[in-house]
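A.B. asks: Data: model35.pdb, PDB, C-alpha atoms, pLDDT in the B column.
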```pdb
MODEL        1
ATOM      1  CA  MET A   1      95.682  88.887-116.397  1.00 50.00           C
ATOM      2  CA  PRO A   2      95.150  92.256-114.725  1.00 53.00           C
ATOM      3  CA  ASP A   3      97.736  94.906-115.214  1.00 55.00           C
ATOM      4  CA  GLN A   4     100.078  95.916-112.391  1.00 55.00           C
ATOM      5  CA  GLU A   5      98.623  99.366-111.740  1.00 61.00           C
ATOM      6  CA  SER A   6      95.227  98.113-110.581  1.00 62.00           C
ATOM      7  CA  ILE A   7      96.642  95.995-107.778  1.00 62.00           C
ATOM      8  CA  GLU A   8      95.858  97.672-104.436  1.00 64.00           C
ATOM      9  CA  THR A   9      98.658  96.186-102.436  1.00 66.00           C
ATOM     10  CA  THR A  10     101.694  98.193-101.497  1.00 60.00           C
ATOM     11  CA  ARG A  11     105.103  96.694-101.339  1.00 63.00           C
ATOM     12  CA  LEU A  12     106.798  97.060 -97.976  1.00 66.00           C
ATOM     13  CA  LEU A  13     110.227  97.500 -99.516  1.00 66.00           C
ATOM     14  CA  HIS A  14     109.170 100.267-101.901  1.00 60.00           C
ATOM     15  CA  THR A  15     111.190 103.456-101.463  1.00 65.00           C
ATOM     16  CA  HIS A  16     108.713 105.968-102.864  1.00 65.00           C
ATOM     17  CA  GLN A  17     105.198 106.600-101.538  1.00 60.00           C
ATOM     18  CA  PRO A  18     102.243 105.504-103.600  1.00 57.00           C
ATOM     19  CA  PRO A  19     100.258 108.280-105.292  1.00 58.00           C
ATOM     20  CA  TYR A  20      97.162 107.812-103.119  1.00 56.00           C
ATOM     21  CA  VAL A  21      98.944 108.614 -99.833  1.00 55.00           C
ATOM     22  CA  PHE A  22      98.555 112.294 -99.094  1.00 61.00           C
ATOM     23  CA  GLY A  23     101.795 113.236 -97.456  1.00 60.00           C
ATOM     24  CA  SER A  24     102.107 116.694 -96.027  1.00 62.00           C
ATOM     25  CA  SER A  25     104.708 118.708 -97.764  1.00 74.00           C
ATOM     26  CA  LEU A  26     107.036 121.166 -96.076  1.00 77.00           C
ATOM     27  CA  ALA A  27     105.218 124.092 -97.699  1.00 79.00           C
ATOM     28  CA  ARG A  28     101.894 122.953 -96.232  1.00 79.00           C
ATOM     29  CA  LYS A  29     103.422 122.539 -92.761  1.00 83.00           C
ATOM     30  CA  ARG A  30     104.895 126.016 -92.991  1.00 87.00           C
ATOM     31  CA  ARG A  31     101.513 127.504 -93.959  1.00 89.00           C
ATOM     32  CA  VAL A  32      99.761 125.745 -91.048  1.00 89.00           C
ATOM     33  CA  ARG A  33     102.414 126.976 -88.623  1.00 92.00           C
ATOM     34  CA  GLN A  34     102.072 130.544 -89.938  1.00 94.00           C
ATOM     35  CA  PHE A  35      98.291 130.366 -89.588  1.00 94.00           C
ATOM     36  CA  GLN A  36      98.552 129.130 -85.995  1.00 95.00           C
ATOM     37  CA  CYS A  37     101.082 131.837 -85.180  1.00 95.00           C
ATOM     38  CA  CYS A  38      98.771 134.460 -86.670  1.00 95.00           C
ATOM     39  CA  LEU A  39      95.800 133.236 -84.618  1.00 95.00           C
ATOM     40  CA  TRP A  40      97.779 133.237 -81.365  1.00 96.00           C
ATOM     41  CA  SER A  41      99.150 136.690 -82.151  1.00 97.00           C
ATOM     42  CA  ILE A  42      95.636 138.037 -82.682  1.00 97.00           C
ATOM     43  CA  LEU A  43      94.465 136.520 -79.379  1.00 96.00           C
ATOM     44  CA  LEU A  44      97.461 137.903 -77.498  1.00 97.00           C
ATOM     45  CA  VAL A  45      97.037 141.381 -78.987  1.00 96.00           C
ATOM     46  CA  GLY A  46      93.314 141.324 -78.136  1.00 96.00           C
ATOM     47  CA  PHE A  47      94.019 140.319 -74.543  1.00 96.00           C
ATOM     48  CA  LEU A  48      96.689 142.977 -74.108  1.00 96.00           C
ATOM     49  CA  ALA A  49      94.470 145.639 -75.693  1.00 96.00           C
ATOM     50  CA  SER A  50      91.584 144.791 -73.350  1.00 95.00           C
ATOM     51  CA  LEU A  51      93.966 144.890 -70.377  1.00 94.00           C
ATOM     52  CA  VAL A  52      95.329 148.309 -71.377  1.00 93.00           C
ATOM     53  CA  ILE A  53      91.821 149.687 -71.994  1.00 92.00           C
ATOM     54  CA  THR A  54      90.622 148.426 -68.608  1.00 90.00           C
ATOM     55  CA  ILE A  55      93.556 149.961 -66.755  1.00 89.00           C
ATOM     56  CA  ALA A  56      93.230 153.237 -68.657  1.00 86.00           C
ATOM     57  CA  TYR A  57      89.500 153.398 -67.947  1.00 85.00           C
ATOM     58  CA  THR A  58      89.840 152.799 -64.219  1.00 83.00           C
ATOM     59  CA  THR A  59      92.714 155.254 -63.739  1.00 83.00           C
ATOM     60  CA  ASN A  60      91.136 158.061 -65.773  1.00 77.00           C
ATOM     61  CA  LEU A  61      87.765 158.098 -64.003  1.00 70.00           C
ATOM     62  CA  PRO A  62      86.869 161.567 -62.762  1.00 69.00           C
ATOM     63  CA  VAL A  63      86.282 162.015 -59.021  1.00 61.00           C
ATOM     64  CA  ASP A  64      82.509 162.312 -59.484  1.00 62.00           C
ATOM     65  CA  ALA A  65      82.383 159.051 -61.443  1.00 50.00           C
ATOM     66  CA  GLU A  66      84.291 157.277 -58.676  1.00 52.00           C
ATOM     67  CA  LYS A  67      81.687 158.411 -56.157  1.00 56.00           C
ATOM     68  CA  GLU A  68      78.897 157.180 -58.423  1.00 54.00           C
ATOM     69  CA  THR A  69      80.491 153.773 -58.830  1.00 54.00           C
ATOM     70  CA  ALA A  70      81.145 153.613 -55.090  1.00 51.00           C
ATOM     71  CA  SER A  71      77.524 154.419 -54.287  1.00 53.00           C
ATOM     72  CA  THR A  72      76.272 151.661 -56.581  1.00 53.00           C
ATOM     73  CA  SER A  73      78.482 149.047 -54.914  1.00 52.00           C
ATOM     74  CA  ASN A  74      77.844 147.537 -51.510  1.00 52.00           C
ATOM     75  CA  GLU A  75      78.353 150.190 -48.820  1.00 53.00           C
ATOM     76  CA  THR A  76      79.717 147.702 -46.278  1.00 53.00           C
ATOM     77  CA  ASP A  77      82.715 146.956 -48.502  1.00 56.00           C
ATOM     78  CA  LEU A  78      83.988 150.535 -48.411  1.00 68.00           C
ATOM     79  CA  ILE A  79      86.202 152.084 -45.748  1.00 72.00           C
ATOM     80  CA  SER A  80      85.464 155.674 -44.841  1.00 78.00           C
ATOM     81  CA  VAL A  81      88.203 158.269 -45.171  1.00 80.00           C
ATOM     82  CA  ASP A  82      88.309 158.850 -41.405  1.00 81.00           C
ATOM     83  CA  THR A  83      88.824 155.149 -40.745  1.00 81.00           C
ATOM     84  CA  PHE A  84      91.513 154.985 -43.397  1.00 79.00           C
ATOM     85  CA  ILE A  85      93.384 157.959 -41.919  1.00 81.00           C
ATOM     86  CA  THR A  86      93.126 156.478 -38.420  1.00 81.00           C
ATOM     87  CA  LEU A  87      94.506 153.171 -39.608  1.00 78.00           C
ATOM     88  CA  PHE A  88      97.229 154.862 -41.606  1.00 79.00           C
ATOM     89  CA  ASN A  89      98.388 156.970 -38.629  1.00 81.00           C
ATOM     90  CA  ASN A  90      98.649 154.030 -36.209  1.00 77.00           C
ATOM     91  CA  THR A  91     102.050 152.644 -35.444  1.00 76.00           C
ATOM     92  CA  TRP A  92     102.471 149.055 -36.461  1.00 74.00           C
ATOM     93  CA  PRO A  93     102.390 146.449 -35.090  1.00 76.00           C
ATOM     94  CA  LEU A  94      99.518 147.307 -32.796  1.00 70.00           C
ATOM     95  CA  GLU A  95      99.715 146.310 -29.151  1.00 74.00           C
ATOM     96  CA  ASP A  96      98.033 143.085 -28.160  1.00 73.00           C
ATOM     97  CA  GLN A  97      94.777 143.199 -26.274  1.00 66.00           C
ATOM     98  CA  VAL A  98      95.008 142.443 -22.606  1.00 64.00           C
ATOM     99  CA  GLU A  99      93.861 138.906 -21.975  1.00 63.00           C
ATOM    100  CA  MET A 100      91.574 138.022 -19.156  1.00 60.00           C
ATOM    101  CA  LYS A 101      93.413 136.755 -16.099  1.00 61.00           C
ATOM    102  CA  THR A 102      91.976 133.387 -15.116  1.00 59.00           C
ATOM    103  CA  ASN A 103      94.336 132.439 -12.313  1.00 65.00           C
ATOM    104  CA  ASP A 104      91.584 132.924  -9.743  1.00 69.00           C
ATOM    105  CA  ARG A 105      90.418 129.538  -8.482  1.00 76.00           C
ATOM    106  CA  GLY A 106      86.899 130.858  -7.850  1.00 77.00           C
ATOM    107  CA  ASN A 107      86.622 131.971 -11.477  1.00 80.00           C
ATOM    108  CA  TRP A 108      87.645 128.504 -12.670  1.00 83.00           C
ATOM    109  CA  ASP A 109      85.169 126.830 -10.327  1.00 86.00           C
ATOM    110  CA  HIS A 110      82.378 129.102 -11.508  1.00 87.00           C
ATOM    111  CA  ALA A 111      83.224 128.339 -15.135  1.00 87.00           C
ATOM    112  CA  MET A 112      83.164 124.589 -14.447  1.00 90.00           C
ATOM    113  CA  GLN A 113      79.758 124.965 -12.770  1.00 92.00           C
ATOM    114  CA  GLU A 114      78.505 126.759 -15.882  1.00 91.00           C
ATOM    115  CA  GLY A 115      79.888 123.938 -18.004  1.00 91.00           C
ATOM    116  CA  GLU A 116      78.089 121.408 -15.803  1.00 94.00           C
ATOM    117  CA  MET A 117      74.858 123.366 -16.259  1.00 93.00           C
ATOM    118  CA  PHE A 118      75.354 123.233 -20.050  1.00 91.00           C
ATOM    119  CA  LEU A 119      75.816 119.491 -19.814  1.00 93.00           C
ATOM    120  CA  GLU A 120      72.731 119.072 -17.630  1.00 93.00           C
ATOM    121  CA  SER A 121      70.604 121.101 -20.058  1.00 92.00           C
ATOM    122  CA  LYS A 122      71.821 118.893 -22.909  1.00 91.00           C
ATOM    123  CA  ASP A 123      70.978 115.769 -20.902  1.00 91.00           C
ATOM    124  CA  SER A 124      67.472 117.059 -20.140  1.00 91.00           C
ATOM    125  CA  ILE A 125      66.867 117.706 -23.829  1.00 90.00           C
ATOM    126  CA  GLU A 126      68.095 114.227 -24.749  1.00 88.00           C
ATOM    127  CA  LYS A 127      65.981 112.672 -22.002  1.00 88.00           C
ATOM    128  CA  ASN A 128      62.812 114.249 -23.391  1.00 87.00           C
ATOM    129  CA  ALA A 129      63.641 113.324 -26.996  1.00 85.00           C
ATOM    130  CA  SER A 130      61.701 110.430 -28.448  1.00 84.00           C
ATOM    131  CA  SER A 131      63.603 107.300 -29.326  1.00 84.00           C
ATOM    132  CA  LEU A 132      63.981 106.134 -32.893  1.00 86.00           C
ATOM    133  CA  PRO A 133      61.936 103.236 -34.270  1.00 89.00           C
ATOM    134  CA  ILE A 134      63.912  99.994 -34.162  1.00 88.00           C
ATOM    135  CA  ASP A 135      63.448  99.249 -37.873  1.00 89.00           C
ATOM    136  CA  SER A 136      64.622 102.678 -39.033  1.00 91.00           C
ATOM    137  CA  PRO A 137      67.955 103.239 -40.786  1.00 91.00           C
ATOM    138  CA  SER A 138      68.867 105.928 -38.237  1.00 89.00           C
ATOM    139  CA  TYR A 139      68.499 103.461 -35.370  1.00 89.00           C
ATOM    140  CA  ARG A 140      70.660 100.895 -37.151  1.00 89.00           C
ATOM    141  CA  HIS A 141      73.256 103.580 -37.848  1.00 89.00           C
ATOM    142  CA  GLN A 142      73.368 104.520 -34.155  1.00 85.00           C
ATOM    143  CA  ARG A 143      73.868 100.886 -33.188  1.00 85.00           C
ATOM    144  CA  VAL A 144      76.644 100.312 -35.722  1.00 87.00           C
ATOM    145  CA  MET A 145      78.462 103.547 -34.907  1.00 86.00           C
ATOM    146  CA  GLY A 146      78.109 103.210 -31.120  1.00 84.00           C
ATOM    147  CA  THR A 147      81.221 103.879 -29.067  1.00 85.00           C
ATOM    148  CA  SER A 148      82.612 102.655 -25.780  1.00 87.00           C
ATOM    149  CA  ASP A 149      81.706 103.971 -22.335  1.00 89.00           C
ATOM    150  CA  LYS A 150      85.086 105.674 -22.079  1.00 92.00           C
ATOM    151  CA  ALA A 151      84.467 107.552 -25.334  1.00 90.00           C
ATOM    152  CA  ARG A 152      81.030 108.677 -24.089  1.00 89.00           C
ATOM    153  CA  GLU A 153      82.534 109.968 -20.836  1.00 92.00           C
ATOM    154  CA  LEU A 154      85.241 111.840 -22.740  1.00 93.00           C
ATOM    155  CA  SER A 155      82.592 113.367 -24.978  1.00 91.00           C
ATOM    156  CA  ARG A 156      80.572 114.511 -21.971  1.00 92.00           C
ATOM    157  CA  LYS A 157      83.669 115.989 -20.344  1.00 94.00           C
ATOM    158  CA  GLY A 158      84.532 117.800 -23.580  1.00 94.00           C
ATOM    159  CA  TYR A 159      81.021 119.259 -23.762  1.00 93.00           C
ATOM    160  CA  GLN A 160      81.346 120.455 -20.172  1.00 93.00           C
ATOM    161  CA  LEU A 161      84.740 122.044 -20.883  1.00 92.00           C
ATOM    162  CA  GLU A 162      83.312 123.737 -23.976  1.00 92.00           C
ATOM    163  CA  GLY A 163      80.609 125.346 -21.829  1.00 90.00           C
ATOM    164  CA  ALA A 164      83.216 126.462 -19.312  1.00 89.00           C
ATOM    165  CA  ALA A 165      85.416 127.941 -22.043  1.00 87.00           C
ATOM    166  CA  ARG A 166      82.495 129.870 -23.505  1.00 86.00           C
ATOM    167  CA  PHE A 167      81.737 131.235 -20.059  1.00 85.00           C
ATOM    168  CA  LEU A 168      85.347 132.303 -19.563  1.00 82.00           C
ATOM    169  CA  TYR A 169      85.530 134.030 -22.933  1.00 79.00           C
ATOM    170  CA  GLY A 170      82.578 136.266 -22.166  1.00 73.00           C
ATOM    171  CA  ASN A 171      79.630 134.382 -23.592  1.00 47.00           C
ATOM    172  CA  GLN A 172      77.897 134.170 -20.202  1.00 41.00           C
ATOM    173  CA  THR A 173      75.346 136.790 -21.316  1.00 44.00           C
ATOM    174  CA  LYS A 174      73.974 134.512 -24.014  1.00 46.00           C
ATOM    175  CA  SER A 175      71.295 132.064 -23.110  1.00 41.00           C
ATOM    176  CA  ARG A 176      72.196 128.428 -22.620  1.00 43.00           C
ATOM    177  CA  LYS A 177      69.822 127.394 -25.389  1.00 44.00           C
ATOM    178  CA  GLU A 178      72.245 128.757 -28.003  1.00 50.00           C
ATOM    179  CA  PHE A 179      74.953 126.331 -26.896  1.00 45.00           C
ATOM    180  CA  THR A 180      72.984 123.115 -26.573  1.00 46.00           C
ATOM    181  CA  CYS A 181      72.638 120.543 -29.281  1.00 43.00           C
TER     182      CYS A 181
ENDMDL
END
```
Show this structure as structure tokens.
C.D. replies:
Amino acid sequence: MPDQESIETTRLLHTHQPPYVFGSSLARKRRVRQFQCCLWSILLVGFLASLVITIAYTTNLPVDAEKETASTSNETDLISVDTFITLFNNTWPLEDQVEMKTNDRGNWDHAMQEGEMFLESKDSIEKNASSLPIDSPSYRHQRVMGTSDKARELSRKGYQLEGAARFLYGNQTKSRKEFTC
């Protein structure tokens, strides 16, 4: 008969832990907590030291060094002293720009004619475009995603109004090719 110590079963009603269970003692938990606290303290001190060094370095740069660092950076990011003084001396808020008066019926009619010309140029481009092959995925996509006649008319009207709005807002000097699809 084997002796009782070699049995590997543990009684469920036993009050003390068996010797092979490695329980963590309070001293071990305290040491782990101290170690973690020490690590976090070192990281925090390192971060704060790098922050202080960075601030001290940037504030103690001599004037010549600032010009050198400014010349190595992108020149378009910098504001000249004259521009800064002009902006600083302005009273705020600045006055709004005068908007274009579009109450003239002739101006509106001319803008709508420009919009119609944009629409006609788009139609001429689409007319000359080759059609897609019937077996292609793009053709099938166009057929599945097709819309109603009312939606097409609204789209055409929107394109015409977009051309008119661009004309009204001063884009009439640009060529029509920039605005077509």
A.B. asks: Kindly resolve the PyMOL selection byres ((chain A and resi 162-164) around 8) on the present coordinates and return the residues as a short mmCIF file (atom, residue, chain, number, x, y, z; two decimals) with C-alpha atoms, keeping the file's coordinate frame.
C.D. replies:
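Output below, filename out_20.cif:
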```cif
data_model
loop_
_atom_site.label_atom_id
_atom_site.label_comp_id
_atom_site.auth_asym_id
_atom_site.auth_seq_id
_atom_site.Cartn_x
_atom_site.Cartn_y
_atom_site.Cartn_z
CA ALA A 111 83.22 128.34 -15.14
CA MET A 112 83.16 124.59 -14.45
CA GLN A 113 79.76 124.96 -12.77
CA GLU A 114 78.50 126.76 -15.88
CA GLY A 115 79.89 123.94 -18.00
CA GLU A 116 78.09 121.41 -15.80
CA PHE A 118 75.35 123.23 -20.05
CA LEU A 119 75.82 119.49 -19.81
CA GLY A 158 84.53 117.80 -23.58
CA TYR A 159 81.02 119.26 -23.76
CA GLN A 160 81.35 120.46 -20.17
CA LEU A 161 84.74 122.04 -20.88
CA ALA A 165 85.42 127.94 -22.04
CA ARG A 166 82.50 129.87 -23.50
CA PHE A 167 81.74 131.24 -20.06
CA LEU A 168 85.35 132.30 -19.56
CA PHE A 179 74.95 126.33 -26.90
#
```
A.B. asks: For atom CA of Ile55 of chain A and atom CA of Ile85 of chain A, determine how far apart the two atoms are, in Å to one decimal place.
C.D. replies: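 We find that atom CA of Ile55 of chain A and atom CA of Ile85 of chain A lie 26.1 Å from each other.
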A.B. asks: Rounded to one decimal in Å, what is the spacing between atom CA of Tyr169 of chain A and atom CA of Trp108 of chain A?
C.D. replies: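 According to the coordinates, atom CA of Tyr169 of chain A and atom CA of Trp108 of chain A are separated by 11.8 Å.
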A.B. asks: Which distance in Å separates atom CA of Cys37 of chain A and atom CA of Val52 of chain A, to one decimal?
C.D. replies: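 Those two atoms sit 22.2 Å apart.
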A.B. asks: Complete segment 140-151 of chain A at the level of all heavy atoms, written as a compact mmCIF listing (two decimals), in the coordinates of the input.
C.D. replies:
```txt
# COMPACT_ATOMS: atom_id res chain seq x y z
N ARG A 140 69.60 101.84 -36.80
CA ARG A 140 70.66 100.90 -37.15
C ARG A 140 72.01 101.60 -37.24
O ARG A 140 73.03 101.06 -36.82
CB ARG A 140 70.33 100.18 -38.46
CG ARG A 140 69.28 99.10 -38.27
CD ARG A 140 69.02 98.36 -39.54
NE ARG A 140 67.76 98.91 -40.04
CZ ARG A 140 67.44 99.04 -41.31
NH1 ARG A 140 68.26 98.66 -42.24
NH2 ARG A 140 66.28 99.55 -41.65
N HIS A 141 72.01 102.82 -37.76
CA HIS A 141 73.26 103.58 -37.85
C HIS A 141 73.80 103.87 -36.45
O HIS A 141 75.00 103.76 -36.21
CB HIS A 141 73.02 104.89 -38.61
CG HIS A 141 74.20 105.80 -38.60
ND1 HIS A 141 75.31 105.59 -39.37
CD2 HIS A 141 74.44 106.94 -37.90
CE1 HIS A 141 76.19 106.54 -39.16
NE2 HIS A 141 75.68 107.38 -38.26
N GLN A 142 72.92 104.26 -35.52
CA GLN A 142 73.37 104.52 -34.16
C GLN A 142 73.95 103.28 -33.51
O GLN A 142 74.93 103.34 -32.77
CB GLN A 142 72.21 105.05 -33.31
CG GLN A 142 71.90 106.49 -33.55
CD GLN A 142 70.82 107.00 -32.62
OE1 GLN A 142 70.17 106.24 -31.91
NE2 GLN A 142 70.61 108.31 -32.64
N ARG A 143 73.37 102.12 -33.78
CA ARG A 143 73.87 100.89 -33.19
C ARG A 143 75.22 100.50 -33.79
O ARG A 143 76.10 100.02 -33.08
CB ARG A 143 72.87 99.74 -33.40
CG ARG A 143 71.65 99.88 -32.59
CD ARG A 143 72.00 99.70 -31.12
NE ARG A 143 70.97 100.30 -30.31
CZ ARG A 143 71.18 100.93 -29.18
NH1 ARG A 143 72.39 101.07 -28.71
NH2 ARG A 143 70.20 101.44 -28.50
N VAL A 144 75.38 100.68 -35.06
CA VAL A 144 76.64 100.31 -35.72
C VAL A 144 77.76 101.26 -35.30
O VAL A 144 78.89 100.84 -35.06
CB VAL A 144 76.48 100.31 -37.26
CG1 VAL A 144 77.80 100.22 -37.97
CG2 VAL A 144 75.57 99.18 -37.68
N MET A 145 77.44 102.55 -35.20
CA MET A 145 78.46 103.55 -34.91
C MET A 145 78.61 103.83 -33.41
O MET A 145 79.27 104.77 -33.03
CB MET A 145 78.14 104.86 -35.64
CG MET A 145 78.07 104.72 -37.14
SD MET A 145 79.54 104.02 -37.86
CE MET A 145 80.67 105.34 -37.68
N GLY A 146 78.01 103.01 -32.56
CA GLY A 146 78.11 103.21 -31.12
C GLY A 146 79.55 103.12 -30.65
O GLY A 146 80.39 102.41 -31.21
N THR A 147 79.86 103.86 -29.58
CA THR A 147 81.22 103.88 -29.07
C THR A 147 81.25 103.29 -27.66
O THR A 147 80.23 102.93 -27.09
CB THR A 147 81.76 105.31 -29.03
OG1 THR A 147 80.89 106.11 -28.22
CG2 THR A 147 81.84 105.90 -30.42
N SER A 148 82.43 103.25 -27.10
CA SER A 148 82.61 102.66 -25.78
C SER A 148 82.17 103.63 -24.69
O SER A 148 81.95 104.82 -24.94
CB SER A 148 84.07 102.27 -25.59
OG SER A 148 84.86 103.44 -25.57
N ASP A 149 82.07 103.13 -23.47
CA ASP A 149 81.71 103.97 -22.34
C ASP A 149 82.76 105.05 -22.09
O ASP A 149 82.43 106.18 -21.73
CB ASP A 149 81.53 103.12 -21.07
CG ASP A 149 80.30 102.22 -21.16
OD1 ASP A 149 79.37 102.60 -21.91
OD2 ASP A 149 80.27 101.17 -20.49
N LYS A 150 84.01 104.70 -22.28
CA LYS A 150 85.09 105.67 -22.08
C LYS A 150 84.97 106.83 -23.08
O LYS A 150 85.15 107.99 -22.71
CB LYS A 150 86.44 104.98 -22.23
CG LYS A 150 87.61 105.88 -21.91
CD LYS A 150 88.92 105.14 -21.97
CE LYS A 150 90.07 106.06 -21.61
NZ LYS A 150 91.35 105.36 -21.65
N ALA A 151 84.63 106.51 -24.32
CA ALA A 151 84.47 107.55 -25.33
C ALA A 151 83.28 108.44 -25.00
O ALA A 151 83.33 109.66 -25.20
CB ALA A 151 84.30 106.93 -26.71
```
